[in-house]
>>> print(open('input.pdb').read())   # PDB, C-alpha atoms and all ligand atoms
ATOM      1  CA  MET A   9     -62.039 -50.975 -41.516
ATOM      2  CA  THR A  10     -63.691 -47.564 -41.680
ATOM      3  CA  VAL A  11     -61.534 -44.742 -40.418
ATOM      4  CA  ASP A  12     -62.581 -41.399 -38.934
ATOM      5  CA  VAL A  13     -60.453 -38.671 -40.493
ATOM      6  CA  ARG A  14     -62.332 -35.714 -39.010
ATOM      7  CA  ALA A  15     -59.851 -33.020 -37.958
ATOM      8  CA  ASP A  16     -60.495 -31.199 -34.704
ATOM      9  CA  LEU A  17     -59.031 -27.686 -34.629
ATOM     10  CA  GLY A  18     -60.675 -26.370 -31.493
ATOM     11  CA  ALA A  19     -63.592 -24.199 -32.569
ATOM     12  CA  LEU A  20     -63.087 -25.398 -36.145
ATOM     13  CA  SER A  21     -63.889 -28.937 -37.219
ATOM     14  CA  LEU A  22     -62.967 -30.154 -40.716
ATOM     15  CA  ASP A  23     -64.182 -33.302 -42.504
ATOM     16  CA  ASN A  24     -60.559 -34.290 -43.070
ATOM     17  CA  PRO A  25     -57.096 -32.910 -42.217
ATOM     18  CA  ILE A  26     -55.778 -32.232 -45.731
ATOM     19  CA  VAL A  27     -55.820 -28.541 -46.628
ATOM     20  CA  THR A  28     -53.902 -26.443 -49.118
ATOM     21  CA  ALA A  29     -50.999 -24.178 -48.171
ATOM     22  CA  SER A  30     -51.523 -20.496 -48.909
ATOM     23  CA  GLY A  31     -50.073 -19.330 -52.214
ATOM     24  CA  CYS A  32     -49.784 -22.802 -53.715
ATOM     25  CA  PHE A  33     -53.384 -23.263 -54.873
ATOM     26  CA  ALA A  34     -54.592 -19.735 -55.701
ATOM     27  CA  SER A  35     -58.287 -19.910 -54.809
ATOM     28  CA  GLY A  36     -58.691 -23.422 -56.137
ATOM     29  CA  ALA A  37     -60.336 -22.908 -59.548
ATOM     30  CA  GLU A  38     -57.283 -24.098 -61.532
ATOM     31  CA  ILE A  39     -57.020 -27.321 -59.530
ATOM     32  CA  ASP A  40     -60.780 -27.977 -59.694
ATOM     33  CA  ARG A  41     -60.228 -28.996 -63.336
ATOM     34  CA  PHE A  42     -58.344 -32.015 -61.983
ATOM     35  CA  TYR A  43     -60.573 -32.999 -59.033
ATOM     36  CA  ASP A  44     -63.386 -31.615 -56.910
ATOM     37  CA  VAL A  45     -61.679 -29.254 -54.440
ATOM     38  CA  ALA A  46     -64.685 -29.658 -52.121
ATOM     39  CA  THR A  47     -63.198 -33.041 -51.143
ATOM     40  CA  LEU A  48     -60.426 -31.208 -49.248
ATOM     41  CA  GLY A  49     -60.698 -30.406 -45.551
ATOM     42  CA  ALA A  50     -60.458 -26.728 -46.484
ATOM     43  CA  VAL A  51     -58.943 -24.458 -49.091
ATOM     44  CA  VAL A  52     -56.465 -21.979 -47.629
ATOM     45  CA  VAL A  53     -56.270 -19.199 -50.209
ATOM     46  CA  LYS A  54     -53.324 -17.062 -51.315
ATOM     47  CA  SER A  55     -52.679 -14.200 -48.872
ATOM     48  CA  ILE A  56     -54.925 -11.196 -49.538
ATOM     49  CA  THR A  57     -53.927  -7.591 -48.830
ATOM     50  CA  LEU A  58     -56.070  -4.462 -48.701
ATOM     51  CA  GLU A  59     -54.997  -3.134 -52.113
ATOM     52  CA  PRO A  60     -54.227  -5.267 -55.199
ATOM     53  CA  ARG A  61     -50.535  -6.188 -55.561
ATOM     54  CA  GLU A  62     -48.695  -7.031 -58.777
ATOM     55  CA  GLY A  63     -45.909  -8.825 -56.977
ATOM     56  CA  LEU A  64     -42.186  -8.776 -57.643
ATOM     57  CA  PRO A  65     -40.381  -8.848 -61.027
ATOM     58  CA  PRO A  66     -39.289 -12.199 -62.552
ATOM     59  CA  PRO A  67     -37.515 -14.524 -62.129
ATOM     60  CA  ARG A  68     -39.647 -15.201 -59.044
ATOM     61  CA  MET A  69     -39.134 -18.929 -58.643
ATOM     62  CA  ALA A  70     -36.069 -21.163 -58.722
ATOM     63  CA  GLU A  71     -35.521 -24.866 -58.174
ATOM     64  CA  THR A  72     -33.087 -25.873 -55.446
ATOM     65  CA  PRO A  73     -32.048 -29.300 -54.143
ATOM     66  CA  SER A  74     -35.206 -30.898 -52.668
ATOM     67  CA  GLY A  75     -37.038 -27.603 -52.713
ATOM     68  CA  MET A  76     -37.877 -24.335 -54.336
ATOM     69  CA  LEU A  77     -37.154 -20.663 -53.757
ATOM     70  CA  ASN A  78     -39.859 -18.094 -54.418
ATOM     71  CA  ALA A  79     -40.187 -14.345 -54.195
ATOM     72  CA  ILE A  80     -43.689 -13.736 -55.556
ATOM     73  CA  GLY A  81     -44.297 -10.655 -53.410
ATOM     74  CA  LEU A  82     -47.880 -11.402 -52.363
ATOM     75  CA  GLN A  83     -49.404 -10.904 -55.814
ATOM     76  CA  ASN A  84     -53.172 -10.757 -55.254
ATOM     77  CA  PRO A  85     -56.311  -8.920 -56.454
ATOM     78  CA  GLY A  86     -56.832  -7.055 -53.145
ATOM     79  CA  ILE A  87     -59.620  -7.863 -50.723
ATOM     80  CA  ASP A  88     -62.428  -6.223 -52.725
ATOM     81  CA  GLY A  89     -61.404  -7.925 -55.969
ATOM     82  CA  TRP A  90     -61.121 -11.245 -54.150
ATOM     83  CA  LEU A  91     -64.538 -10.859 -52.516
ATOM     84  CA  ALA A  92     -66.108 -10.017 -55.880
ATOM     85  CA  LYS A  93     -64.629 -12.911 -57.881
ATOM     86  CA  ASP A  94     -62.935 -15.695 -55.919
ATOM     87  CA  LEU A  95     -65.173 -15.984 -52.854
ATOM     88  CA  PRO A  96     -68.404 -16.484 -54.872
ATOM     89  CA  TRP A  97     -66.704 -19.323 -56.771
ATOM     90  CA  LEU A  98     -65.576 -20.975 -53.530
ATOM     91  CA  GLN A  99     -69.038 -20.484 -51.988
ATOM     92  CA  GLY A 100     -70.543 -22.192 -55.039
ATOM     93  CA  LYS A 101     -68.243 -25.179 -54.467
ATOM     94  CA  GLY A 102     -69.309 -25.417 -50.827
ATOM     95  CA  VAL A 103     -65.737 -26.008 -49.639
ATOM     96  CA  PRO A 104     -64.708 -24.554 -46.260
ATOM     97  CA  VAL A 105     -62.476 -21.542 -46.884
ATOM     98  CA  ILE A 106     -59.671 -20.335 -44.666
ATOM     99  CA  VAL A 107     -58.692 -16.867 -45.837
ATOM    100  CA  SER A 108     -55.028 -15.971 -45.516
ATOM    101  CA  ILE A 109     -54.588 -12.264 -44.924
ATOM    102  CA  ALA A 110     -51.455 -10.132 -45.075
ATOM    103  CA  GLY A 111     -50.534  -6.530 -44.440
ATOM    104  CA  THR A 112     -47.723  -4.196 -43.596
ATOM    105  CA  SER A 113     -49.412  -2.531 -40.597
ATOM    106  CA  VAL A 114     -51.797  -3.571 -37.840
ATOM    107  CA  ASP A 115     -54.454  -1.331 -39.387
ATOM    108  CA  GLU A 116     -54.172  -3.030 -42.774
ATOM    109  CA  PHE A 117     -54.645  -6.484 -41.240
ATOM    110  CA  ALA A 118     -57.631  -5.209 -39.233
ATOM    111  CA  GLU A 119     -59.288  -3.652 -42.286
ATOM    112  CA  VAL A 120     -58.880  -6.770 -44.443
ATOM    113  CA  ALA A 121     -60.275  -8.852 -41.587
ATOM    114  CA  ARG A 122     -63.268  -6.514 -41.121
ATOM    115  CA  ARG A 123     -64.263  -6.984 -44.753
ATOM    116  CA  LEU A 124     -64.366 -10.750 -44.185
ATOM    117  CA  ARG A 125     -66.789 -10.583 -41.286
ATOM    118  CA  GLY A 126     -69.952 -12.627 -41.739
ATOM    119  CA  ARG A 127     -69.039 -13.994 -45.192
ATOM    120  CA  ALA A 128     -70.650 -17.358 -45.930
ATOM    121  CA  GLY A 129     -68.180 -20.199 -46.396
ATOM    122  CA  VAL A 130     -65.320 -18.466 -44.576
ATOM    123  CA  VAL A 131     -64.603 -20.808 -41.660
ATOM    124  CA  GLY A 132     -61.327 -19.288 -40.541
ATOM    125  CA  VAL A 133     -58.723 -16.594 -41.056
ATOM    126  CA  GLU A 134     -55.025 -17.388 -41.314
ATOM    127  CA  VAL A 135     -52.896 -14.385 -40.453
ATOM    128  CA  ASN A 136     -49.692 -14.356 -42.499
ATOM    129  CA  LEU A 137     -47.402 -12.721 -39.961
ATOM    130  CA  SER A 138     -44.339 -13.126 -42.139
ATOM    131  CA  CYS A 139     -44.659  -9.757 -43.877
ATOM    132  CA  PRO A 140     -42.407  -6.834 -43.016
ATOM    133  CA  ASN A 141     -44.012  -4.268 -40.710
ATOM    134  CA  VAL A 142     -43.675  -0.779 -42.259
ATOM    135  CA  ASP A 143     -44.293   0.896 -38.919
ATOM    136  CA  HIS A 144     -41.301  -0.836 -37.354
ATOM    137  CA  ARG A 145     -38.358  -0.408 -39.739
ATOM    138  CA  GLY A 146     -39.446  -3.299 -41.926
ATOM    139  CA  LEU A 147     -39.038  -5.947 -39.220
ATOM    140  CA  VAL A 148     -41.026  -9.098 -39.933
ATOM    141  CA  PHE A 149     -44.026  -9.344 -37.570
ATOM    142  CA  ALA A 150     -43.581 -13.045 -36.818
ATOM    143  CA  CYS A 151     -39.967 -12.564 -35.717
ATOM    144  CA  HIS A 152     -41.178 -10.783 -32.567
ATOM    145  CA  PRO A 153     -43.876 -11.696 -30.038
ATOM    146  CA  GLU A 154     -45.296  -8.184 -29.416
ATOM    147  CA  PRO A 155     -46.073  -7.038 -32.984
ATOM    148  CA  SER A 156     -47.457 -10.516 -33.755
ATOM    149  CA  ALA A 157     -49.758 -10.254 -30.758
ATOM    150  CA  ASP A 158     -50.878  -6.754 -31.787
ATOM    151  CA  VAL A 159     -51.978  -8.029 -35.202
ATOM    152  CA  ILE A 160     -53.798 -11.028 -33.726
ATOM    153  CA  THR A 161     -55.639  -8.848 -31.201
ATOM    154  CA  ALA A 162     -56.838  -6.559 -34.005
ATOM    155  CA  VAL A 163     -57.892  -9.444 -36.267
ATOM    156  CA  THR A 164     -59.733 -11.397 -33.572
ATOM    157  CA  ARG A 165     -61.704  -8.227 -32.745
ATOM    158  CA  ALA A 166     -62.677  -7.841 -36.393
ATOM    159  CA  VAL A 167     -63.945 -11.343 -37.223
ATOM    160  CA  ASP A 168     -66.149 -13.964 -35.600
ATOM    161  CA  VAL A 169     -64.381 -17.072 -36.967
ATOM    162  CA  PRO A 170     -61.327 -18.926 -35.596
ATOM    163  CA  VAL A 171     -58.022 -17.171 -36.286
ATOM    164  CA  PHE A 172     -54.744 -18.982 -36.979
ATOM    165  CA  GLY A 173     -51.406 -17.187 -36.729
ATOM    166  CA  LYS A 174     -48.935 -18.306 -39.408
ATOM    167  CA  LEU A 175     -45.392 -18.197 -38.092
ATOM    168  CA  THR A 176     -41.919 -18.358 -39.514
ATOM    169  CA  ALA A 177     -39.192 -20.706 -38.294
ATOM    170  CA  ASP A 178     -36.600 -17.995 -38.977
ATOM    171  CA  VAL A 179     -36.492 -17.164 -35.258
ATOM    172  CA  THR A 180     -34.459 -18.294 -32.266
ATOM    173  CA  ASP A 181     -37.477 -19.310 -30.174
ATOM    174  CA  ILE A 182     -40.707 -20.030 -32.030
ATOM    175  CA  VAL A 183     -42.470 -21.053 -28.810
ATOM    176  CA  SER A 184     -42.348 -17.505 -27.405
ATOM    177  CA  VAL A 185     -43.934 -16.091 -30.583
ATOM    178  CA  ALA A 186     -46.501 -18.915 -30.618
ATOM    179  CA  ARG A 187     -47.424 -18.242 -26.996
ATOM    180  CA  ALA A 188     -47.870 -14.500 -27.631
ATOM    181  CA  VAL A 189     -50.141 -15.213 -30.602
ATOM    182  CA  ILE A 190     -52.307 -17.611 -28.579
ATOM    183  CA  ASP A 191     -52.435 -15.261 -25.585
ATOM    184  CA  ALA A 192     -53.628 -12.521 -27.968
ATOM    185  CA  GLY A 193     -56.666 -14.637 -28.851
ATOM    186  CA  ALA A 194     -55.717 -16.859 -31.795
ATOM    187  CA  THR A 195     -57.451 -20.248 -31.918
ATOM    188  CA  GLY A 196     -54.400 -21.958 -33.350
ATOM    189  CA  LEU A 197     -51.192 -21.778 -35.337
ATOM    190  CA  SER A 198     -50.050 -22.534 -38.867
ATOM    191  CA  LEU A 199     -46.464 -23.809 -38.913
ATOM    192  CA  ILE A 200     -44.368 -23.023 -40.915
ATOM    193  CA  ASN A 201     -43.962 -20.407 -43.620
ATOM    194  CA  THR A 202     -40.995 -20.595 -46.015
ATOM    195  CA  LEU A 203     -37.438 -20.183 -44.715
ATOM    196  CA  LEU A 204     -35.415 -17.270 -46.059
ATOM    197  CA  GLY A 205     -32.952 -18.554 -48.660
ATOM    198  CA  MET A 206     -30.751 -17.552 -51.584
ATOM    199  CA  ALA A 207     -29.274 -19.169 -54.682
ATOM    200  CA  ILE A 208     -26.535 -17.819 -56.977
ATOM    201  CA  ASP A 209     -25.959 -18.707 -60.632
ATOM    202  CA  VAL A 210     -22.194 -19.240 -60.644
ATOM    203  CA  GLU A 211     -21.816 -18.602 -64.404
ATOM    204  CA  SER A 212     -23.482 -15.179 -64.382
ATOM    205  CA  ARG A 213     -22.508 -14.641 -60.724
ATOM    206  CA  ARG A 214     -25.969 -13.216 -60.194
ATOM    207  CA  PRO A 215     -28.612 -14.187 -57.658
ATOM    208  CA  THR A 216     -31.078 -16.603 -59.239
ATOM    209  CA  LEU A 217     -34.085 -14.561 -58.078
ATOM    210  CA  ALA A 218     -34.598 -10.957 -59.155
ATOM    211  CA  ASN A 219     -35.433 -10.172 -55.523
ATOM    212  CA  VAL A 220     -32.067 -11.731 -54.471
ATOM    213  CA  LEU A 221     -33.606 -13.461 -51.409
ATOM    214  CA  GLY A 222     -36.626 -15.733 -51.431
ATOM    215  CA  GLY A 223     -38.616 -18.238 -49.413
ATOM    216  CA  LEU A 224     -37.430 -21.851 -49.396
ATOM    217  CA  SER A 225     -40.147 -24.516 -49.454
ATOM    218  CA  GLY A 226     -40.484 -28.205 -50.276
ATOM    219  CA  PRO A 227     -38.964 -31.379 -48.768
ATOM    220  CA  ALA A 228     -35.746 -29.498 -47.920
ATOM    221  CA  ILE A 229     -37.535 -27.725 -45.050
ATOM    222  CA  ARG A 230     -39.582 -30.632 -43.697
ATOM    223  CA  PRO A 231     -37.340 -31.556 -40.741
ATOM    224  CA  VAL A 232     -37.302 -27.904 -39.658
ATOM    225  CA  ALA A 233     -41.104 -27.729 -39.925
ATOM    226  CA  VAL A 234     -41.605 -30.995 -38.016
ATOM    227  CA  ARG A 235     -39.257 -29.722 -35.300
ATOM    228  CA  ASN A 236     -41.262 -26.497 -34.968
ATOM    229  CA  VAL A 237     -44.604 -28.311 -34.780
ATOM    230  CA  PHE A 238     -43.132 -30.677 -32.181
ATOM    231  CA  GLN A 239     -41.681 -27.889 -30.024
ATOM    232  CA  VAL A 240     -44.870 -25.824 -30.055
ATOM    233  CA  HIS A 241     -47.068 -28.884 -29.402
ATOM    234  CA  GLN A 242     -44.884 -29.943 -26.456
ATOM    235  CA  ALA A 243     -45.178 -26.440 -24.974
ATOM    236  CA  MET A 244     -48.927 -26.017 -25.680
ATOM    237  CA  PRO A 245     -50.484 -29.476 -26.217
ATOM    238  CA  ASP A 246     -54.083 -28.213 -26.432
ATOM    239  CA  ILE A 247     -53.481 -25.665 -29.186
ATOM    240  CA  PRO A 248     -54.551 -26.706 -32.711
ATOM    241  CA  ILE A 249     -51.724 -26.637 -35.258
ATOM    242  CA  ILE A 250     -51.925 -26.763 -39.046
ATOM    243  CA  GLY A 251     -48.552 -28.278 -39.953
ATOM    244  CA  MET A 252     -46.811 -27.743 -43.274
ATOM    245  CA  GLY A 253     -43.448 -27.764 -44.991
ATOM    246  CA  GLY A 254     -42.416 -30.238 -47.669
ATOM    247  CA  VAL A 255     -45.371 -32.606 -47.420
ATOM    248  CA  ARG A 256     -45.331 -34.920 -50.432
ATOM    249  CA  THR A 257     -46.182 -38.441 -49.224
ATOM    250  CA  VAL A 258     -48.629 -40.032 -46.784
ATOM    251  CA  ARG A 259     -45.700 -40.720 -44.456
ATOM    252  CA  ASP A 260     -45.012 -36.975 -44.393
ATOM    253  CA  VAL A 261     -48.634 -36.297 -43.387
ATOM    254  CA  VAL A 262     -48.441 -38.866 -40.587
ATOM    255  CA  GLU A 263     -45.094 -37.439 -39.449
ATOM    256  CA  PHE A 264     -46.665 -33.989 -38.943
ATOM    257  CA  LEU A 265     -49.635 -35.519 -37.069
ATOM    258  CA  LEU A 266     -47.300 -37.480 -34.768
ATOM    259  CA  ALA A 267     -45.337 -34.275 -34.083
ATOM    260  CA  GLY A 268     -48.566 -32.628 -32.914
ATOM    261  CA  ALA A 269     -50.389 -31.193 -35.934
ATOM    262  CA  SER A 270     -54.190 -31.494 -36.128
ATOM    263  CA  ALA A 271     -54.315 -30.781 -39.876
ATOM    264  CA  VAL A 272     -51.695 -30.744 -42.617
ATOM    265  CA  ALA A 273     -51.299 -28.293 -45.484
ATOM    266  CA  VAL A 274     -49.896 -29.245 -48.882
ATOM    267  CA  GLY A 275     -47.954 -26.525 -50.688
ATOM    268  CA  THR A 276     -45.073 -26.961 -53.132
ATOM    269  CA  ALA A 277     -46.170 -30.538 -53.951
ATOM    270  CA  ASN A 278     -49.175 -29.069 -55.846
ATOM    271  CA  PHE A 279     -46.848 -27.532 -58.443
ATOM    272  CA  ALA A 280     -45.250 -30.872 -59.312
ATOM    273  CA  ASP A 281     -48.499 -32.859 -59.115
ATOM    274  CA  PRO A 282     -51.903 -31.158 -59.181
ATOM    275  CA  PHE A 283     -53.479 -34.282 -57.654
ATOM    276  CA  ALA A 284     -51.123 -34.220 -54.656
ATOM    277  CA  ALA A 285     -53.592 -33.148 -51.952
ATOM    278  CA  HIS A 286     -56.374 -35.343 -53.331
ATOM    279  CA  ASP A 287     -54.159 -38.434 -53.436
ATOM    280  CA  LEU A 288     -52.777 -37.788 -49.932
ATOM    281  CA  LEU A 289     -56.265 -37.939 -48.447
ATOM    282  CA  ALA A 290     -57.011 -41.267 -50.083
ATOM    283  CA  GLY A 291     -53.560 -42.516 -49.066
ATOM    284  CA  LEU A 292     -54.042 -41.402 -45.472
ATOM    285  CA  ARG A 293     -57.279 -43.388 -45.160
ATOM    286  CA  THR A 294     -55.525 -46.498 -46.486
ATOM    287  CA  TRP A 295     -52.516 -45.973 -44.208
ATOM    288  CA  MET A 296     -54.750 -45.630 -41.147
ATOM    289  CA  ALA A 297     -56.739 -48.751 -42.029
ATOM    290  CA  ASP A 298     -53.518 -50.723 -42.679
ATOM    291  CA  HIS A 299     -52.102 -49.602 -39.324
ATOM    292  CA  GLY A 300     -55.284 -50.158 -37.294
ATOM    293  CA  VAL A 301     -55.745 -46.454 -36.574
ATOM    294  CA  ALA A 302     -59.495 -45.832 -36.283
ATOM    295  CA  LYS A 303     -59.399 -42.106 -35.533
ATOM    296  CA  LEU A 304     -57.125 -39.327 -36.692
ATOM    297  CA  SER A 305     -56.944 -37.999 -33.136
ATOM    298  CA  GLU A 306     -55.050 -41.171 -32.116
ATOM    299  CA  LEU A 307     -52.091 -39.936 -34.169
ATOM    300  CA  ARG A 308     -51.932 -36.365 -32.944
ATOM    301  CA  GLY A 309     -48.784 -35.797 -30.923
ATOM    302  CA  ALA A 310     -48.334 -39.572 -30.562
ATOM    303  CA  VAL A 311     -44.596 -39.583 -31.259
ATOM    304  CA  GLN A 312     -42.877 -42.053 -28.911
ATOM    305  CA  MET A 313     -39.972 -40.389 -27.192
ATOM    306  CA  PRO A 314     -36.773 -42.349 -26.555
ATOM    307  CA  ASP A 315     -36.289 -43.625 -22.995
ATOM    308  CA  ARG A 316     -33.721 -41.502 -21.227
ATOM    309  CA  GLU A 317     -31.402 -42.974 -18.610
ATOM    310  CA  ALA A 318     -31.498 -41.038 -15.329
TER
HETATM  311  C1  LIG B   1     -44.999 -20.022 -54.661
HETATM  312  C2  LIG B   1     -45.356 -19.902 -53.205
HETATM  313  C3  LIG B   1     -46.169 -18.849 -52.780
HETATM  314  C4  LIG B   1     -46.506 -18.732 -51.425
HETATM  315  N1  LIG B   1     -47.337 -17.719 -51.031
HETATM  316  C5  LIG B   1     -47.729 -17.642 -49.727
HETATM  317  C6  LIG B   1     -48.663 -16.657 -49.300
HETATM  318  O1  LIG B   1     -49.178 -15.863 -50.088
HETATM  319  N2  LIG B   1     -48.983 -16.633 -47.970
HETATM  320  C7  LIG B   1     -48.469 -17.506 -47.050
HETATM  321  O2  LIG B   1     -48.808 -17.439 -45.858
HETATM  322  N3  LIG B   1     -47.590 -18.479 -47.442
HETATM  323  C8  LIG B   1     -47.225 -18.565 -48.738
HETATM  324  N4  LIG B   1     -46.364 -19.560 -49.128
HETATM  325  C9  LIG B   1     -45.837 -20.503 -48.125
HETATM  326  C10 LIG B   1     -46.647 -21.802 -48.092
HETATM  327  O3  LIG B   1     -47.992 -21.557 -47.749
HETATM  328  C11 LIG B   1     -46.025 -22.815 -47.095
HETATM  329  O4  LIG B   1     -46.055 -22.263 -45.802
HETATM  330  C12 LIG B   1     -44.590 -23.185 -47.428
HETATM  331  O5  LIG B   1     -44.379 -23.210 -48.819
HETATM  332  C13 LIG B   1     -44.182 -24.529 -46.826
HETATM  333  O6  LIG B   1     -44.958 -25.588 -47.333
HETATM  334  P1  LIG B   1     -44.515 -26.494 -48.612
HETATM  335  O7  LIG B   1     -43.088 -26.869 -48.381
HETATM  336  O8  LIG B   1     -45.470 -27.643 -48.633
HETATM  337  O9  LIG B   1     -44.667 -25.605 -49.812
HETATM  338  C14 LIG B   1     -45.999 -19.675 -50.485
HETATM  339  C15 LIG B   1     -45.183 -20.724 -50.923
HETATM  340  C16 LIG B   1     -44.861 -20.847 -52.265
HETATM  341  C17 LIG B   1     -43.989 -21.996 -52.695
END
>>> encode(input="input.pdb", output="structure tokens")
Amino acid sequence: MTVDVRADLGALSLDNPIVTASGCFASGAEIDRFYDVATLGAVVVKSITLEPREGLPPPRMAETPSGMLNAIGLQNPGIDGWLAKDLPWLQGKGVPVIVSIAGTSVDEFAEVARRLRGRAGVVGVEVNLSCPNVDHRGLVFACHPEPSADVITAVTRAVDVPVFGKLTADVTDIVSVARAVIDAGATGLSLINTLLGMAIDVESRRPTLANVLGGLSGPAIRPVAVRNVFQVHQAMPDIPIIGMGGVRTVRDVVEFLLAGASAVAVGTANFADPFAAHDLLAGLRTWMADHGVAKLSELRGAVQMPDREA
């Protein structure tokens, strides 16, 4: 049985639904030694800021039960450095590129976005709204609907490709933030970023990360991520969602699709197994054929809800 794995994300159509999660794949060159990254639906690159950033001091990563904490601090070469070096490599590969952008003010997001306008190979922009907003006492954009919407409005004005707002689950009501981002002009949503976490070494009595707090990723967060995708999909069934959080197996991919995702990003799993995303695509095709699923779209949001007694 041949299966159709094309992923429909509104204005953006990908050959398959397996993409990389920002920050877990750099720009792809390291992983291309293992397999051809052009086989992926898209490469979502590490978040890029206006100026280069060195990131936070080590230790910046720590293992936790079923997951990982990180406080990298958006280390990146800055938009001009990235355009000079990484984009040409990705263009040479011919893989669709979704550029994750970050900033601490609306103006910074808008400027990074402007420099991406009209670049060959860039099929979308993912707006990492999980950074603290310097103009508003360091509050994280994605924790509030209005500042998130302001950033999306500025970015959608600056570029001519679909824009995805990347949200955090560290909020009381993700649907209200998601709605504000869509109303501001985003094509879709990326759900979810890491959850804020902390680990303490009990012998030294010190926090494990130099930054004290960090982002939790990996299988530990998957049920939270699936819940967020489900809630947003139920509220806005037509909006494309790139689902992520602890994807490691084909069953995890299918779980996100059933919850309502149109594509699925693989993050932390790349660190343990560089072939992770590649193998998930092959595994997904086999799973669909084995289960008589001809088209990926048959799975999207197809979770069967329990019957409720009146
Ligand atoms: C080491 C590391 C660095 C990350 N850097 C970024 C980043 O630069 N921008 C971003 O939007 N998300 C970043 N993330 C979050 C991931 O893209 C993803 O949303 C999250 O890790 C959940 O997926 P996972 O459990 O499959 O890793 C990072 C995650 C990790 C583990």
>>> closest_residue(input="input.pdb", among="A:Ala34, A:Ala118, A:Ala110, A:Met9", to="Leu137 in chain A", atoms="all atoms listed in the file")
A:Ala110
>>> axis_aligned_box(input="input.pdb", around="ligand LIG 1 (chain B)", padding_each_side="3 Å", output="lines of an AutoDock Vina configuration file")
center_x = -46.1
center_y = -21.8
center_z = -50.2
size_x = 12.1
size_y = 17.8
size_z = 14.9
>>> residues_around(input="input.pdb", residues="Leu95 in chain A", least_positions_apart="3", cutoff="10 Å", atoms="only C-alpha atoms", output="PDB file with C-alpha atoms, in the frame of the given file")
ATOM      1  CA  SER A  35     -58.287 -19.910 -54.809  1.00  0.00           C
ATOM      2  CA  VAL A  53     -56.270 -19.199 -50.209  1.00  0.00           C
ATOM      3  CA  GLY A  89     -61.404  -7.925 -55.969  1.00  0.00           C
ATOM      4  CA  TRP A  90     -61.121 -11.245 -54.150  1.00  0.00           C
ATOM      5  CA  LEU A  91     -64.538 -10.859 -52.516  1.00  0.00           C
ATOM      6  CA  ALA A  92     -66.108 -10.017 -55.880  1.00  0.00           C
ATOM      7  CA  LEU A  98     -65.576 -20.975 -53.530  1.00  0.00           C
ATOM      8  CA  GLN A  99     -69.038 -20.484 -51.988  1.00  0.00           C
ATOM      9  CA  GLY A 100     -70.543 -22.192 -55.039  1.00  0.00           C
ATOM     10  CA  LYS A 101     -68.243 -25.179 -54.467  1.00  0.00           C
ATOM     11  CA  VAL A 105     -62.476 -21.542 -46.884  1.00  0.00           C
ATOM     12  CA  VAL A 107     -58.692 -16.867 -45.837  1.00  0.00           C
ATOM     13  CA  ARG A 127     -69.039 -13.994 -45.192  1.00  0.00           C
ATOM     14  CA  ALA A 128     -70.650 -17.358 -45.930  1.00  0.00           C
ATOM     15  CA  GLY A 129     -68.180 -20.199 -46.396  1.00  0.00           C
ATOM     16  CA  VAL A 130     -65.320 -18.466 -44.576  1.00  0.00           C
TER      17      VAL A 130
END
>>> atom_distance(input="input.pdb", atom1="CA of Arg145 in chain A", atom2="CA of Thr112 in chain A")
10.8 Å
>>> atom_distance(input="input.pdb", atom1="atom C14 of ligand LIG 1 (chain B)", atom2="CA of Gly31 in chain A")
4.4 Å
>>> closest_residue(input="input.pdb", among="A:Gly18, A:Gly75, A:Pro25, A:Gly146", to="Val261 in chain A", atoms="only C-alpha atoms")
A:Pro25
>>> closest_residue(input="input.pdb", among="A:Asp260, A:Glu59, A:Glu306, A:Asp191", to="Asp12 in chain A", atoms="all atoms listed in the file")
A:Glu306
>>> atom_distance(input="input.pdb", atom1="CA of Ala29 in chain A", atom2="CA of His286 in chain A")
13.4 Å
>>> residues_near_ligand(input="input.pdb", ligand="ligand LIG 1 (chain B)", cutoff="7 Å", atoms="all atoms listed in the file", output="MDAnalysis selection string")
chainID A and resid 29:32 54:55 76 78 80 82 108 136 174 200:202 225:227 229:230 252:255 273:277
>>> residues_around(input="input.pdb", residues="Val133 in chain A", least_positions_apart="2", cutoff="9 Å", atoms="all atoms listed in the file", output="compact mmCIF listing (two decimals) with C-alpha atoms, keeping the file's coordinate frame")
# COMPACT_ATOMS: atom_id res chain seq x y z
CA VAL A 52 -56.46 -21.98 -47.63
CA VAL A 105 -62.48 -21.54 -46.88
CA ILE A 106 -59.67 -20.34 -44.67
CA VAL A 107 -58.69 -16.87 -45.84
CA SER A 108 -55.03 -15.97 -45.52
CA ILE A 109 -54.59 -12.26 -44.92
CA ALA A 121 -60.28 -8.85 -41.59
CA LEU A 124 -64.37 -10.75 -44.18
CA VAL A 130 -65.32 -18.47 -44.58
CA VAL A 131 -64.60 -20.81 -41.66
CA VAL A 135 -52.90 -14.38 -40.45
CA VAL A 163 -57.89 -9.44 -36.27
CA VAL A 167 -63.94 -11.34 -37.22
CA VAL A 169 -64.38 -17.07 -36.97
CA PRO A 170 -61.33 -18.93 -35.60
CA VAL A 171 -58.02 -17.17 -36.29
CA PHE A 172 -54.74 -18.98 -36.98
CA GLY A 173 -51.41 -17.19 -36.73
>>> resolve_selection(input="input.pdb", expression="the PyMOL selection byres (((chain A and resi 204-211) around 10) and not hetatm)", output="JSON, numbers by chain")
{"A": [70, 71, 72, 76, 77, 78, 79, 176, 177, 178, 201, 202, 203, 212, 213, 214, 215, 216, 217, 219, 220, 221, 222, 223, 224, 225]}
>>> resolve_selection(input="input.pdb", expression="the PyMOL selection byres (((chain A and resi 181) around 12) and not hetatm)", output="list in words")
Ala150, Cys151, His152, Pro153, Leu175, Thr176, Ala177, Asp178, Val179, Thr180, Ile182, Val183, Ser184, Val185, Ala186, Arg187, Ala188, Arg235, Asn236, Gln239, Val240 and Ala243 of chain A
